[in-house]
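Undergrad: Structure file my_file-v4.cif (mmCIF, C-alpha atoms) is given on the next line.
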```cif
data_my_file
#
loop_
_atom_site.label_atom_id
_atom_site.label_comp_id
_atom_site.auth_asym_id
_atom_site.auth_seq_id
_atom_site.Cartn_x
_atom_site.Cartn_y
_atom_site.Cartn_z
CA MET N 1 -25.21 6.85 -119.02
CA ARG N 2 -27.90 7.42 -121.62
CA ASP N 3 -28.39 10.86 -123.19
CA ASP N 4 -31.98 10.95 -121.93
CA ASP N 5 -31.04 9.81 -118.38
CA THR N 6 -33.32 11.71 -115.99
CA ARG N 7 -30.58 11.95 -113.38
CA LYS N 8 -29.18 14.85 -115.42
CA GLU N 9 -32.33 16.81 -114.65
CA SER N 10 -32.59 19.35 -111.85
CA GLN N 11 -34.55 18.43 -108.72
CA LYS N 12 -37.61 20.28 -110.07
CA GLY N 13 -37.23 18.47 -113.41
CA GLN N 14 -37.03 15.11 -111.67
CA ASP N 15 -40.10 15.94 -109.58
CA SER N 16 -42.01 16.80 -112.80
CA ILE N 17 -41.03 13.50 -114.44
CA ARG N 18 -42.15 11.51 -111.38
CA HIS N 19 -45.56 13.18 -111.43
CA LYS N 20 -45.93 12.60 -115.21
CA VAL N 21 -44.97 8.93 -114.88
CA VAL N 22 -47.41 8.34 -112.02
CA ARG N 23 -50.25 10.08 -113.89
CA ALA N 24 -49.48 8.04 -117.01
CA VAL N 25 -49.50 4.73 -115.13
CA LEU N 26 -52.68 5.69 -113.28
CA GLY N 27 -54.18 6.54 -116.68
CA GLY N 28 -53.57 3.01 -117.93
CA MET N 29 -50.05 3.11 -119.42
CA GLY N 30 -47.99 0.01 -118.68
CA LYS N 31 -44.87 0.38 -116.56
CA VAL N 32 -42.63 -1.07 -119.27
CA GLU N 33 -43.98 1.41 -121.83
CA ALA N 34 -43.71 4.30 -119.32
CA ALA N 35 -40.07 3.40 -118.71
CA LYS N 36 -39.34 3.70 -122.45
CA VAL N 37 -41.35 6.87 -122.96
CA PHE N 38 -39.92 8.83 -120.02
CA GLY N 39 -36.44 7.34 -119.98
CA VAL N 40 -36.56 5.89 -116.46
CA SER N 41 -36.02 2.42 -115.05
CA ARG N 42 -38.89 0.08 -114.26
CA SER N 43 -37.61 -0.31 -110.67
CA SER N 44 -37.87 3.45 -110.18
CA ILE N 45 -41.47 3.37 -111.43
CA TRP N 46 -42.31 0.59 -108.94
CA THR N 47 -40.77 2.67 -106.14
CA TRP N 48 -42.63 5.86 -107.10
CA MET N 49 -45.95 4.11 -107.42
CA LYS N 50 -45.53 2.51 -103.97
CA LYS N 51 -44.63 5.84 -102.40
CA TYR N 52 -47.61 7.48 -104.11
CA HIS N 53 -50.04 4.84 -102.86
CA ASP N 54 -48.55 4.94 -99.33
CA GLU N 55 -47.98 8.67 -98.83
CA GLY N 56 -49.64 10.53 -101.70
CA LYS N 57 -48.23 13.20 -104.03
CA ALA N 58 -45.96 14.64 -101.33
CA ALA N 59 -43.82 11.52 -101.53
CA LEU N 60 -42.87 12.38 -105.14
CA VAL N 61 -41.16 15.63 -104.15
CA SER N 62 -37.35 15.50 -103.90
CA GLN N 63 -35.88 15.79 -100.44
CA LYS N 64 -33.16 18.34 -99.76
CA ARG N 65 -29.81 16.82 -100.63
CA GLY N 66 -26.91 16.55 -98.20
CA ARG N 67 -26.80 16.07 -94.44
CA LYS N 68 -29.33 18.02 -92.46
CA LYS N 69 -27.83 20.93 -90.58
CA GLY N 70 -27.21 20.06 -86.93
CA GLY N 71 -27.38 16.29 -87.43
CA ASN N 72 -30.30 14.01 -88.18
CA LEU N 73 -31.71 12.77 -84.90
CA THR N 74 -35.15 13.92 -83.91
CA ALA N 75 -35.68 15.47 -80.48
CA LYS N 76 -37.40 12.26 -79.35
CA GLN N 77 -34.50 10.15 -80.59
CA GLU N 78 -31.97 12.43 -78.87
CA ALA N 79 -33.85 12.07 -75.58
CA SER N 80 -33.91 8.29 -75.97
CA ILE N 81 -30.15 8.01 -76.54
CA ARG N 82 -29.33 10.46 -73.73
CA ARG N 83 -31.42 8.47 -71.25
CA SER N 84 -29.61 5.29 -72.24
CA VAL N 85 -26.14 6.84 -71.85
CA LEU N 86 -26.98 8.28 -68.43
CA GLY N 87 -29.03 5.38 -67.11
CA LYS N 88 -27.31 2.23 -68.37
CA ASN N 89 -23.90 0.85 -69.22
CA PRO N 90 -23.22 -0.46 -72.75
CA GLY N 91 -23.18 -4.08 -71.60
CA GLN N 92 -26.78 -3.83 -70.43
CA LEU N 93 -27.76 -2.87 -73.99
CA GLN N 94 -25.85 -5.77 -75.56
CA LEU N 95 -23.11 -3.48 -76.86
CA PRO N 96 -19.57 -4.96 -77.11
CA CYS N 97 -17.88 -2.70 -74.53
CA PHE N 98 -18.15 -1.33 -70.97
CA LEU N 99 -17.59 2.40 -71.49
CA TRP N 100 -19.58 5.02 -73.37
CA THR N 101 -17.35 6.29 -76.17
CA ARG N 102 -18.41 8.21 -79.27
CA ASP N 103 -18.14 5.02 -81.32
CA THR N 104 -20.26 3.13 -78.80
CA VAL N 105 -22.97 5.79 -78.86
CA ALA N 106 -22.86 5.82 -82.67
CA LEU N 107 -23.39 2.04 -82.66
CA LEU N 108 -26.36 2.40 -80.32
CA ILE N 109 -27.90 5.05 -82.60
CA PHE N 110 -27.45 2.80 -85.63
CA ARG N 111 -28.96 -0.23 -83.90
CA ARG N 112 -31.89 1.70 -82.49
CA PHE N 113 -32.72 4.05 -85.37
CA GLY N 114 -30.75 2.76 -88.38
CA LYS N 115 -28.86 6.06 -88.70
CA GLN N 116 -25.11 6.18 -89.27
CA LEU N 117 -23.41 9.17 -87.62
CA SER N 118 -19.72 9.95 -87.52
CA ARG N 119 -17.91 10.04 -84.18
CA TRP N 120 -17.53 13.81 -84.58
CA THR N 121 -21.28 14.27 -85.02
CA VAL N 122 -21.91 12.03 -82.02
CA GLY N 123 -19.40 14.09 -80.04
CA ARG N 124 -21.34 17.27 -80.85
CA TYR N 125 -24.55 15.62 -79.68
CA LEU N 126 -22.94 14.48 -76.41
CA LYS N 127 -21.63 17.96 -75.74
CA ALA N 128 -25.02 19.50 -76.54
CA TRP N 129 -26.62 17.10 -74.02
CA GLY N 130 -24.36 18.46 -71.28
CA LEU N 131 -22.13 15.36 -71.11
CA THR N 132 -18.36 15.40 -70.66
CA VAL N 133 -15.59 12.79 -70.75
CA GLN N 134 -14.92 11.57 -67.20
CA LYS N 135 -12.97 8.83 -65.44
CA PRO N 136 -15.58 6.38 -64.16
CA ALA N 137 -15.77 5.10 -60.60
CA LYS N 138 -15.39 1.34 -60.37
CA ARG N 139 -18.26 -0.82 -59.13
CA ALA N 140 -18.24 -4.58 -58.77
CA MET N 141 -20.62 -6.33 -61.14
CA GLU N 142 -21.70 -8.50 -58.19
CA GLN N 143 -23.02 -5.49 -56.24
CA ASN N 144 -26.75 -5.73 -55.54
CA PRO N 145 -28.45 -2.32 -56.02
CA ALA N 146 -31.44 -3.42 -53.93
CA GLN N 147 -29.16 -4.20 -50.98
CA VAL N 148 -27.47 -0.83 -51.34
CA ARG N 149 -30.82 0.96 -51.33
CA TYR N 150 -31.90 -1.02 -48.26
CA TRP N 151 -28.68 -0.06 -46.49
CA LEU N 152 -29.06 3.64 -47.27
CA GLN N 153 -32.79 3.94 -46.67
CA THR N 154 -33.38 1.46 -43.84
CA LYS N 155 -30.40 -0.39 -42.35
CA TYR N 156 -28.07 2.51 -41.62
CA PRO N 157 -30.84 4.81 -40.25
CA ASN N 158 -31.77 1.93 -37.91
CA ILE N 159 -28.16 1.62 -36.77
CA VAL N 160 -28.08 5.36 -36.05
CA GLN N 161 -31.29 5.08 -34.02
CA GLN N 162 -29.97 2.06 -32.12
CA ALA N 163 -26.70 3.90 -31.38
CA LYS N 164 -28.66 6.77 -29.84
CA GLN N 165 -30.64 4.39 -27.68
CA GLU N 166 -27.53 2.56 -26.45
CA LYS N 167 -25.41 5.75 -26.32
CA ALA N 168 -22.88 4.12 -28.65
CA GLU N 169 -20.43 5.77 -31.03
CA ILE N 170 -20.39 4.63 -34.66
CA PHE N 171 -16.99 3.77 -36.15
CA TRP N 172 -16.27 2.84 -39.74
CA GLY N 173 -13.40 0.39 -40.12
CA ASP N 174 -11.26 -1.15 -42.83
CA GLU N 175 -7.88 -2.75 -43.46
CA MET N 176 -5.33 -1.91 -46.16
CA GLY N 177 -1.94 -3.07 -47.39
CA LEU N 178 0.85 -0.75 -48.58
CA ARG N 179 3.56 -1.93 -50.97
CA SER N 180 6.86 -0.40 -51.94
CA GLU N 181 6.10 -0.62 -55.68
CA HIS N 182 2.96 1.47 -55.42
CA GLN N 183 3.44 4.83 -57.17
CA THR N 184 1.16 7.83 -57.33
CA GLY N 185 1.35 11.54 -58.05
CA THR N 186 3.01 13.51 -60.86
CA THR N 187 6.27 15.40 -61.34
CA TRP N 188 7.54 18.15 -63.67
CA ALA N 189 9.77 17.23 -66.59
CA ALA N 190 10.73 18.39 -70.09
CA LYS N 191 7.94 17.97 -72.64
CA GLY N 192 8.14 14.63 -74.43
CA GLN N 193 10.66 13.18 -71.94
CA THR N 194 9.18 10.76 -69.42
CA PRO N 195 10.71 11.42 -66.00
CA VAL N 196 12.36 8.57 -64.11
CA VAL N 197 11.99 8.20 -60.34
CA LYS N 198 14.68 6.02 -58.76
CA ARG N 199 13.41 3.83 -55.94
CA SER N 200 14.53 0.74 -54.13
CA GLY N 201 14.28 -2.37 -56.28
CA SER N 202 13.43 -4.58 -53.30
CA ARG N 203 9.81 -5.31 -52.54
CA PHE N 204 8.40 -4.88 -49.06
CA GLY N 205 5.19 -3.80 -47.44
CA CYS N 206 3.07 -3.53 -44.32
CA ASN N 207 -0.59 -3.38 -43.39
CA MET N 208 -2.89 -1.16 -41.37
CA LEU N 209 -6.25 -1.32 -39.64
CA SER N 210 -8.17 1.87 -39.00
CA ALA N 211 -11.53 3.10 -37.76
CA ILE N 212 -12.98 6.63 -37.91
CA THR N 213 -16.11 8.47 -36.78
CA ASN N 214 -17.93 11.43 -38.25
CA ARG N 215 -17.07 13.33 -35.05
CA GLY N 216 -13.39 13.24 -35.97
CA SER N 217 -12.17 10.34 -33.79
CA MET N 218 -9.72 7.86 -35.24
CA ALA N 219 -8.01 4.62 -34.17
CA PHE N 220 -5.38 2.67 -36.09
CA MET N 221 -2.95 -0.21 -35.88
CA VAL N 222 0.06 -0.94 -38.12
CA PHE N 223 1.08 -4.57 -38.46
CA SER N 224 3.13 -6.97 -40.57
CA GLY N 225 2.05 -10.27 -41.99
CA LYS N 226 -1.33 -11.55 -43.03
CA PHE N 227 -4.61 -10.10 -41.83
CA THR N 228 -6.10 -12.82 -39.59
CA TRP N 229 -8.79 -13.12 -36.93
CA LYS N 230 -6.09 -12.83 -34.25
CA VAL N 231 -4.93 -9.47 -35.65
CA PHE N 232 -8.51 -8.24 -35.92
CA LEU N 233 -9.28 -9.19 -32.31
CA VAL N 234 -6.22 -7.29 -31.09
CA PHE N 235 -7.53 -4.21 -32.89
CA LEU N 236 -11.05 -4.66 -31.50
CA ALA N 237 -9.69 -4.99 -27.95
CA ARG N 238 -7.69 -1.77 -28.40
CA LEU N 239 -10.77 0.00 -29.76
CA ILE N 240 -12.75 -0.97 -26.66
CA ARG N 241 -10.00 0.17 -24.28
CA GLN N 242 -9.53 3.49 -26.05
CA HIS N 243 -13.27 4.24 -25.96
CA ALA N 244 -14.27 2.62 -22.69
CA GLU N 245 -16.65 5.47 -21.85
CA ARG N 246 -19.09 4.50 -24.60
CA LYS N 247 -20.14 1.38 -26.44
CA VAL N 248 -18.64 1.02 -29.91
CA PHE N 249 -20.63 0.25 -33.06
CA LEU N 250 -18.19 -0.79 -35.79
CA ILE N 251 -19.25 -0.92 -39.45
CA VAL N 252 -17.01 -3.00 -41.74
CA ASP N 253 -17.17 -4.85 -45.04
CA ARG N 254 -17.85 -8.57 -45.41
CA HIS N 255 -14.22 -9.73 -45.37
CA PRO N 256 -14.02 -13.42 -44.32
CA VAL N 257 -11.99 -12.47 -41.24
CA HIS N 258 -14.72 -10.10 -40.02
CA GLN N 259 -17.26 -12.94 -40.21
CA SER N 260 -15.05 -15.76 -38.95
CA ARG N 261 -16.19 -18.06 -36.17
CA LYS N 262 -13.48 -16.89 -33.74
CA VAL N 263 -14.46 -13.26 -34.21
CA THR N 264 -18.18 -14.04 -33.85
CA GLU N 265 -17.54 -15.89 -30.59
CA TRP N 266 -15.41 -13.03 -29.26
CA LEU N 267 -18.10 -10.49 -30.12
CA GLU N 268 -20.73 -12.51 -28.27
CA LYS N 269 -18.60 -12.28 -25.12
CA HIS N 270 -18.08 -8.54 -25.52
CA HIS N 271 -21.52 -7.54 -26.81
CA LYS N 272 -21.93 -4.97 -24.04
CA ASN N 273 -18.87 -3.08 -25.29
CA LEU N 274 -18.88 -3.57 -29.05
CA SER N 275 -21.22 -4.54 -31.88
CA VAL N 276 -20.22 -5.11 -35.50
CA PHE N 277 -22.40 -4.32 -38.53
CA PHE N 278 -21.72 -5.27 -42.15
CA LEU N 279 -21.95 -3.14 -45.27
CA PRO N 280 -23.66 -4.51 -48.40
CA ALA N 281 -21.42 -6.87 -50.34
CA TYR N 282 -19.08 -5.36 -52.93
CA SER N 283 -19.78 -1.79 -51.81
CA PRO N 284 -16.49 -0.21 -50.64
CA GLU N 285 -17.62 3.20 -51.91
CA LEU N 286 -20.12 3.34 -49.01
CA ASN N 287 -17.34 3.22 -46.40
CA PRO N 288 -15.76 6.60 -45.40
CA ASP N 289 -12.69 4.75 -44.11
CA GLU N 290 -11.87 3.92 -47.74
CA LEU N 291 -11.16 7.64 -48.24
CA LEU N 292 -8.69 7.52 -45.36
CA ASN N 293 -7.06 4.52 -47.05
CA ASN N 294 -6.72 6.42 -50.33
CA ALA N 295 -5.30 9.53 -48.67
CA THR N 296 -2.84 7.41 -46.69
CA LYS N 297 -1.64 5.48 -49.72
CA ASN N 298 -1.22 8.65 -51.80
CA ASN N 299 0.78 10.46 -49.12
CA VAL N 300 2.94 7.59 -47.90
CA SER N 301 3.84 6.37 -51.40
CA ARG N 302 5.44 9.76 -52.19
CA SER N 303 7.92 9.54 -49.32
CA GLY N 304 10.50 7.44 -51.20
CA VAL N 305 11.10 4.94 -48.38
CA GLN N 306 13.93 2.46 -48.87
CA ASN N 307 12.98 -0.39 -46.56
CA LYS N 308 10.15 -1.88 -44.53
CA GLU N 309 11.11 -0.10 -41.31
CA GLU N 310 11.02 3.29 -43.02
CA LEU N 311 7.64 2.46 -44.56
CA GLN N 312 6.15 1.59 -41.17
CA SER N 313 7.63 4.71 -39.61
CA VAL N 314 6.28 7.04 -42.30
CA LEU N 315 2.90 5.30 -42.17
CA ARG N 316 2.58 5.69 -38.40
CA SER N 317 3.69 9.31 -38.64
CA TYR N 318 1.02 10.14 -41.20
CA LEU N 319 -1.71 8.33 -39.28
CA ARG N 320 -0.79 10.06 -36.00
CA SER N 321 -0.80 13.41 -37.79
CA THR N 322 -4.28 12.67 -39.14
CA GLN N 323 -5.46 11.41 -35.75
CA ARG N 324 -4.50 14.75 -34.15
CA ARG N 325 -6.64 16.65 -36.69
CA PRO N 326 -10.34 15.84 -36.15
CA GLU N 327 -11.38 18.21 -38.96
CA ARG N 328 -9.27 16.24 -41.42
CA VAL N 329 -10.98 13.04 -40.29
CA LYS N 330 -14.42 14.65 -40.65
CA ASN N 331 -13.57 15.53 -44.25
CA PHE N 332 -13.53 11.83 -45.12
CA PHE N 333 -17.30 11.89 -44.61
CA LYS N 334 -17.90 14.57 -47.23
CA GLY N 335 -17.40 12.40 -50.31
CA LYS N 336 -20.30 11.98 -52.71
CA HIS N 337 -21.06 8.36 -51.80
CA VAL N 338 -20.37 8.60 -48.06
CA ALA N 339 -22.07 11.90 -47.19
CA TYR N 340 -25.00 9.89 -45.82
CA ALA N 341 -22.69 8.70 -42.99
CA GLN N 342 -22.45 12.23 -41.59
CA ALA N 343 -25.80 11.57 -39.92
CA ALA N 344 -25.41 9.93 -36.51
#
```
Since I need it in another form, could you write the structure as structure tokens?
TA:
Amino acid sequence: MRDDDTRKESQKGQDSIRHKVVRAVLGGMGKVEAAKVFGVSRSSIWTWMKKYHDEGKAALVSQKRGRKKGGNLTAKQEASIRRSVLGKNPGQLQLPCFLWTRDTVALLIFRRFGKQLSRWTVGRYLKAWGLTVQKPAKRAMEQNPAQVRYWLQTKYPNIVQQAKQEKAEIFWGDEMGLRSEHQTGTTWAAKGQTPVVKRSGSRFGCNMLSAITNRGSMAFMVFSGKFTWKVFLVFLARLIRQHAERKVFLIVDRHPVHQSRKVTEWLEKHHKNLSVFFLPAYSPELNPDELLNNATKNNVSRSGVQNKEELQSVLRSYLRSTQRRPERVKNFFKGKHVAYAQAA
């Protein structure tokens, strides 16, 4: 570094040199000569002159050194990033991931505003925006938001109105399989020592069909083997017999069995007793019976059954216990995404 290098000067000294250089050049001094006289580089002179012509004298004043206190996003930029995090997933913004992490948000800030922020700074921003780390709910990419809106705003209200006209009761149905290897729940153990739960090494399972109403009614059937149209028709016939006093409206997903030709033909013959309606595709979160499935799986899987017969016995016991408690069944309609189904 040269003895007359202006970088040794204080910020005020550097500001003074910039002003002198600009005045000299404006007065007719060549940039090469100015560089020699004031001990600065020609590239710096080009930069200062451009800033002066673009922004005036204010551009020649040194900016405060170091990172700005509280980060360096403007309020408008903060609002822009917050809207993106809350309203879109990273994939929609061409970011190489599916979850919003601090690194992902930092990448979005860099791409959008050219500003590099550390993950810790980004974390402080996220916290200041009222955001917290949460486990996301899963949604199929194939789900059609327009169909979901139509279901919530038009289709389901129409079903409710039709049920009132025909004095029918609305059931929500679903099927589920339970397997011996499924594990859920937690247990106490010494810190740093993963607990071991001994269970049968053999694999076995069984299946269930269920249907619930927001009034607390429930029907179920436990079965072995594959879910077929024959199994579904047995369940539908039981549902009609058990609720012979009123017509049944059954809402289910678009499983191939539910829409099979045999089932469609059977429904045409029994249209006075039962009608089936279909949820939007890839939208299990809209079905309250899914919450019964989750509760059943979580409770039954903790029982430590050793064979298929025990699994079926424990499953039936839990379902009967739930069936005898209408208030417990009604609670399945209080979830965030199924609360709309309380209206009937």
Undergrad: With the PyMOL selection byres ((chain N and resi 339) around 12) as the selection, what would be picked from this file? Answer as a VMD selection string, please.
TA: chain N and resid 152 214 285 to 288 291 330 to 338 340 to 344
Undergrad: List the residues selected by the PyMOL selection byres ((chain N and resi 209) around 6) in the file shown, writing them as a list in words.
TA: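 That expression, the PyMOL selection byres ((chain N and resi 209) around 6), corresponds here to Asp174, Glu175, Met208, Ser210, Phe220 and Met221 of chain N.
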Undergrad: Expressed in Å to a single decimal, how great is the separation between atom CA of Tyr318 of chain N and atom CA of Glu290 of chain N?
TA: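 Atom-to-atom, atom CA of Tyr318 of chain N to atom CA of Glu290 of chain N, that is 15.7 Å.
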Undergrad: Could you check the closest approach to Lys297 of chain N for each of N:Ala146, N:Met176, N:Ala168, N:Met218 and tell me which residue wins, using only C-alpha atoms?
TA: N:Met176
Undergrad: Of the candidates N:Lys308, N:Lys272, N:Arg238, N:Tyr282, which one gets nearest to His255 of chain N if we count all atoms listed in the file?
TA: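 For His255 of chain N, the nearest of the given residues is N:Tyr282.
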Undergrad: Which residue gives the smallest distance to Lys135 of chain N among N:Val61, N:Leu99, N:Ala35, N:Ile45, with only C-alpha atoms counted?
TA: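 Of the candidates, the smallest distance to Lys135 of chain N is held by N:Leu99.
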Undergrad: Residue by residue, what does the PyMOL selection byres ((chain N and resi 102) around 12) grab here? Present the result as a list in words.
TA: Val85, Pro90, Cys97, Leu99, Trp100, Thr101, Asp103, Thr104, Val105, Ala106, Leu107, Leu108, Ile109, Leu117, Ser118, Arg119, Trp120, Thr121, Val122, Gly123, Arg124, Tyr125, Leu126, Lys127, Leu131, Thr132 and Val133 of chain N
Undergrad: Name the residues in contact with segment 48-55 of chain N at a cut-off of 12 Å, using all atoms listed in the file, excluding same-chain residues fewer than 4 positions from it; report them as a ChimeraX atom specification.
TA: /N:14-15,17-26,31,40-44,59-62
Undergrad: What does the distance between atom CA of Lys12 of chain N and atom CA of Trp46 of chain N come to in Å, to one decimal place?
TA: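 Between these atoms lies a distance of 20.3 Å.
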Undergrad: Would you please work out which residue, of N:Val300, N:Leu267, N:Ile251, N:Ile159, is nearest to Ser317 of chain N when using all atoms listed in the file?
TA: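 Looking at the shortest contact to Ser317 of chain N, the residue is N:Val300.
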Undergrad: In Å, with one decimal, what is the gap from atom CA of Arg320 of chain N to atom CA of Asn299 of chain N?
TA: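 Atom-to-atom, atom CA of Arg320 of chain N and atom CA of Asn299 of chain N are spaced 13.2 Å apart.
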Undergrad: Of the candidates N:Trp129, N:Ser301, N:Thr213, N:Val222, which shows the shortest atom-to-atom distance to Ser80 of chain N, using all atoms listed in the file?
TA: N:Trp129
Undergrad: For a quick check of understanding, using all atoms listed in the file, which of N:Leu95, N:Glu245, N:Asn307, N:Val263 has the smallest distance to Val231 of chain N?
TA: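 Closest to Val231 of chain N of all the choices is N:Val263.
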Undergrad: List as an NGL selection string the protein and nucleic acid residues near Ala211 of chain N, meaning an atom at most 6 Å away when all atoms listed in the file are counted, but skip any in the same chain fewer than 6 places from it.
TA: :N and (171-173 or 218-219)
Undergrad: Convert the current residue selection to file output with C-alpha atoms, as a PDB file, in the coordinates of the input.
TA:
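The resulting file, again27.pdb, is shown below:
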```pdb
ATOM      1  CA  PHE N 171     -16.990   3.770 -36.150  1.00  0.00           C
ATOM      2  CA  TRP N 172     -16.270   2.840 -39.740  1.00  0.00           C
ATOM      3  CA  GLY N 173     -13.400   0.390 -40.120  1.00  0.00           C
ATOM      4  CA  MET N 218      -9.720   7.860 -35.240  1.00  0.00           C
ATOM      5  CA  ALA N 219      -8.010   4.620 -34.170  1.00  0.00           C
TER       6      ALA N 219
END
```
Undergrad: Excluding same-chain residues fewer than 5 positions from Val257 of chain N, what lies within 12 Å of it counting all atoms listed in the file, as a list of chain:residue names?
TA: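 Near neighbours after the sequence-gap exclusion: N:Asp174, N:Glu175, N:Lys226, N:Phe227, N:Thr228, N:Trp229, N:Lys230, N:Val231, N:Phe232, N:Leu233, N:Val252, N:Lys262, N:Val263, N:Thr264.
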Undergrad: Please complete segment 237-259 of chain N so it has N, CA and C atoms, and hand it over as a PDB file, keeping the file's coordinate frame.
TA:
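New file result27.pdb:
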```pdb
ATOM      1  N   ALA N 237      -9.948  -5.166 -29.380  1.00  0.00           N
ATOM      2  CA  ALA N 237      -9.690  -4.990 -27.950  1.00  0.00           C
ATOM      3  C   ALA N 237      -9.124  -3.589 -27.676  1.00  0.00           C
ATOM      4  N   ARG N 238      -8.235  -3.127 -28.542  1.00  0.00           N
ATOM      5  CA  ARG N 238      -7.690  -1.770 -28.400  1.00  0.00           C
ATOM      6  C   ARG N 238      -8.802  -0.734 -28.546  1.00  0.00           C
ATOM      7  N   LEU N 239      -9.683  -0.953 -29.504  1.00  0.00           N
ATOM      8  CA  LEU N 239     -10.770   0.000 -29.760  1.00  0.00           C
ATOM      9  C   LEU N 239     -11.666   0.124 -28.528  1.00  0.00           C
ATOM     10  N   ILE N 240     -11.935  -0.997 -27.866  1.00  0.00           N
ATOM     11  CA  ILE N 240     -12.750  -0.970 -26.660  1.00  0.00           C
ATOM     12  C   ILE N 240     -12.044  -0.217 -25.541  1.00  0.00           C
ATOM     13  N   ARG N 241     -10.755  -0.497 -25.356  1.00  0.00           N
ATOM     14  CA  ARG N 241     -10.000   0.170 -24.280  1.00  0.00           C
ATOM     15  C   ARG N 241      -9.913   1.673 -24.500  1.00  0.00           C
ATOM     16  N   GLN N 242      -9.689   2.070 -25.744  1.00  0.00           N
ATOM     17  CA  GLN N 242      -9.530   3.490 -26.050  1.00  0.00           C
ATOM     18  C   GLN N 242     -10.838   4.257 -25.931  1.00  0.00           C
ATOM     19  N   HIS N 243     -11.963   3.575 -26.019  1.00  0.00           N
ATOM     20  CA  HIS N 243     -13.270   4.240 -25.960  1.00  0.00           C
ATOM     21  C   HIS N 243     -14.142   3.535 -24.931  1.00  0.00           C
ATOM     22  N   ALA N 244     -13.580   3.360 -23.748  1.00  0.00           N
ATOM     23  CA  ALA N 244     -14.270   2.620 -22.690  1.00  0.00           C
ATOM     24  C   ALA N 244     -15.493   3.358 -22.162  1.00  0.00           C
ATOM     25  N   GLU N 245     -15.536   4.694 -22.391  1.00  0.00           N
ATOM     26  CA  GLU N 245     -16.650   5.470 -21.850  1.00  0.00           C
ATOM     27  C   GLU N 245     -17.953   5.240 -22.609  1.00  0.00           C
ATOM     28  N   ARG N 246     -17.881   4.727 -23.811  1.00  0.00           N
ATOM     29  CA  ARG N 246     -19.090   4.500 -24.600  1.00  0.00           C
ATOM     30  C   ARG N 246     -18.983   3.171 -25.330  1.00  0.00           C
ATOM     31  N   LYS N 247     -20.129   2.594 -25.630  1.00  0.00           N
ATOM     32  CA  LYS N 247     -20.140   1.380 -26.440  1.00  0.00           C
ATOM     33  C   LYS N 247     -19.750   1.741 -27.866  1.00  0.00           C
ATOM     34  N   VAL N 248     -19.104   0.806 -28.546  1.00  0.00           N
ATOM     35  CA  VAL N 248     -18.640   1.020 -29.910  1.00  0.00           C
ATOM     36  C   VAL N 248     -19.505   0.225 -30.883  1.00  0.00           C
ATOM     37  N   PHE N 249     -20.011   0.911 -31.907  1.00  0.00           N
ATOM     38  CA  PHE N 249     -20.630   0.250 -33.060  1.00  0.00           C
ATOM     39  C   PHE N 249     -19.614   0.348 -34.199  1.00  0.00           C
ATOM     40  N   LEU N 250     -19.187  -0.775 -34.709  1.00  0.00           N
ATOM     41  CA  LEU N 250     -18.190  -0.790 -35.790  1.00  0.00           C
ATOM     42  C   LEU N 250     -18.813  -1.319 -37.067  1.00  0.00           C
ATOM     43  N   ILE N 251     -18.734  -0.524 -38.137  1.00  0.00           N
ATOM     44  CA  ILE N 251     -19.250  -0.920 -39.450  1.00  0.00           C
ATOM     45  C   ILE N 251     -18.078  -1.299 -40.347  1.00  0.00           C
ATOM     46  N   VAL N 252     -18.105  -2.507 -40.884  1.00  0.00           N
ATOM     47  CA  VAL N 252     -17.010  -3.000 -41.740  1.00  0.00           C
ATOM     48  C   VAL N 252     -17.593  -3.716 -42.951  1.00  0.00           C
ATOM     49  N   ASP N 253     -16.717  -4.087 -43.874  1.00  0.00           N
ATOM     50  CA  ASP N 253     -17.170  -4.850 -45.040  1.00  0.00           C
ATOM     51  C   ASP N 253     -17.289  -6.335 -44.675  1.00  0.00           C
ATOM     52  N   ARG N 254     -17.586  -7.155 -45.671  1.00  0.00           N
ATOM     53  CA  ARG N 254     -17.850  -8.570 -45.410  1.00  0.00           C
ATOM     54  C   ARG N 254     -16.607  -9.441 -45.660  1.00  0.00           C
ATOM     55  N   HIS N 255     -15.457  -8.941 -45.268  1.00  0.00           N
ATOM     56  CA  HIS N 255     -14.220  -9.730 -45.370  1.00  0.00           C
ATOM     57  C   HIS N 255     -14.395 -11.020 -44.554  1.00  0.00           C
ATOM     58  N   PRO N 256     -13.880 -12.144 -45.048  1.00  0.00           N
ATOM     59  CA  PRO N 256     -14.020 -13.420 -44.320  1.00  0.00           C
ATOM     60  C   PRO N 256     -13.541 -13.356 -42.875  1.00  0.00           C
ATOM     61  N   VAL N 257     -12.495 -12.593 -42.618  1.00  0.00           N
ATOM     62  CA  VAL N 257     -11.990 -12.470 -41.240  1.00  0.00           C
ATOM     63  C   VAL N 257     -13.038 -11.834 -40.340  1.00  0.00           C
ATOM     64  N   HIS N 258     -13.710 -10.800 -40.832  1.00  0.00           N
ATOM     65  CA  HIS N 258     -14.720 -10.100 -40.020  1.00  0.00           C
ATOM     66  C   HIS N 258     -15.867 -11.027 -39.632  1.00  0.00           C
ATOM     67  N   GLN N 259     -16.128 -12.046 -40.450  1.00  0.00           N
ATOM     68  CA  GLN N 259     -17.260 -12.940 -40.210  1.00  0.00           C
ATOM     69  C   GLN N 259     -16.830 -14.324 -39.720  1.00  0.00           C
TER      70      GLN N 259
END
```
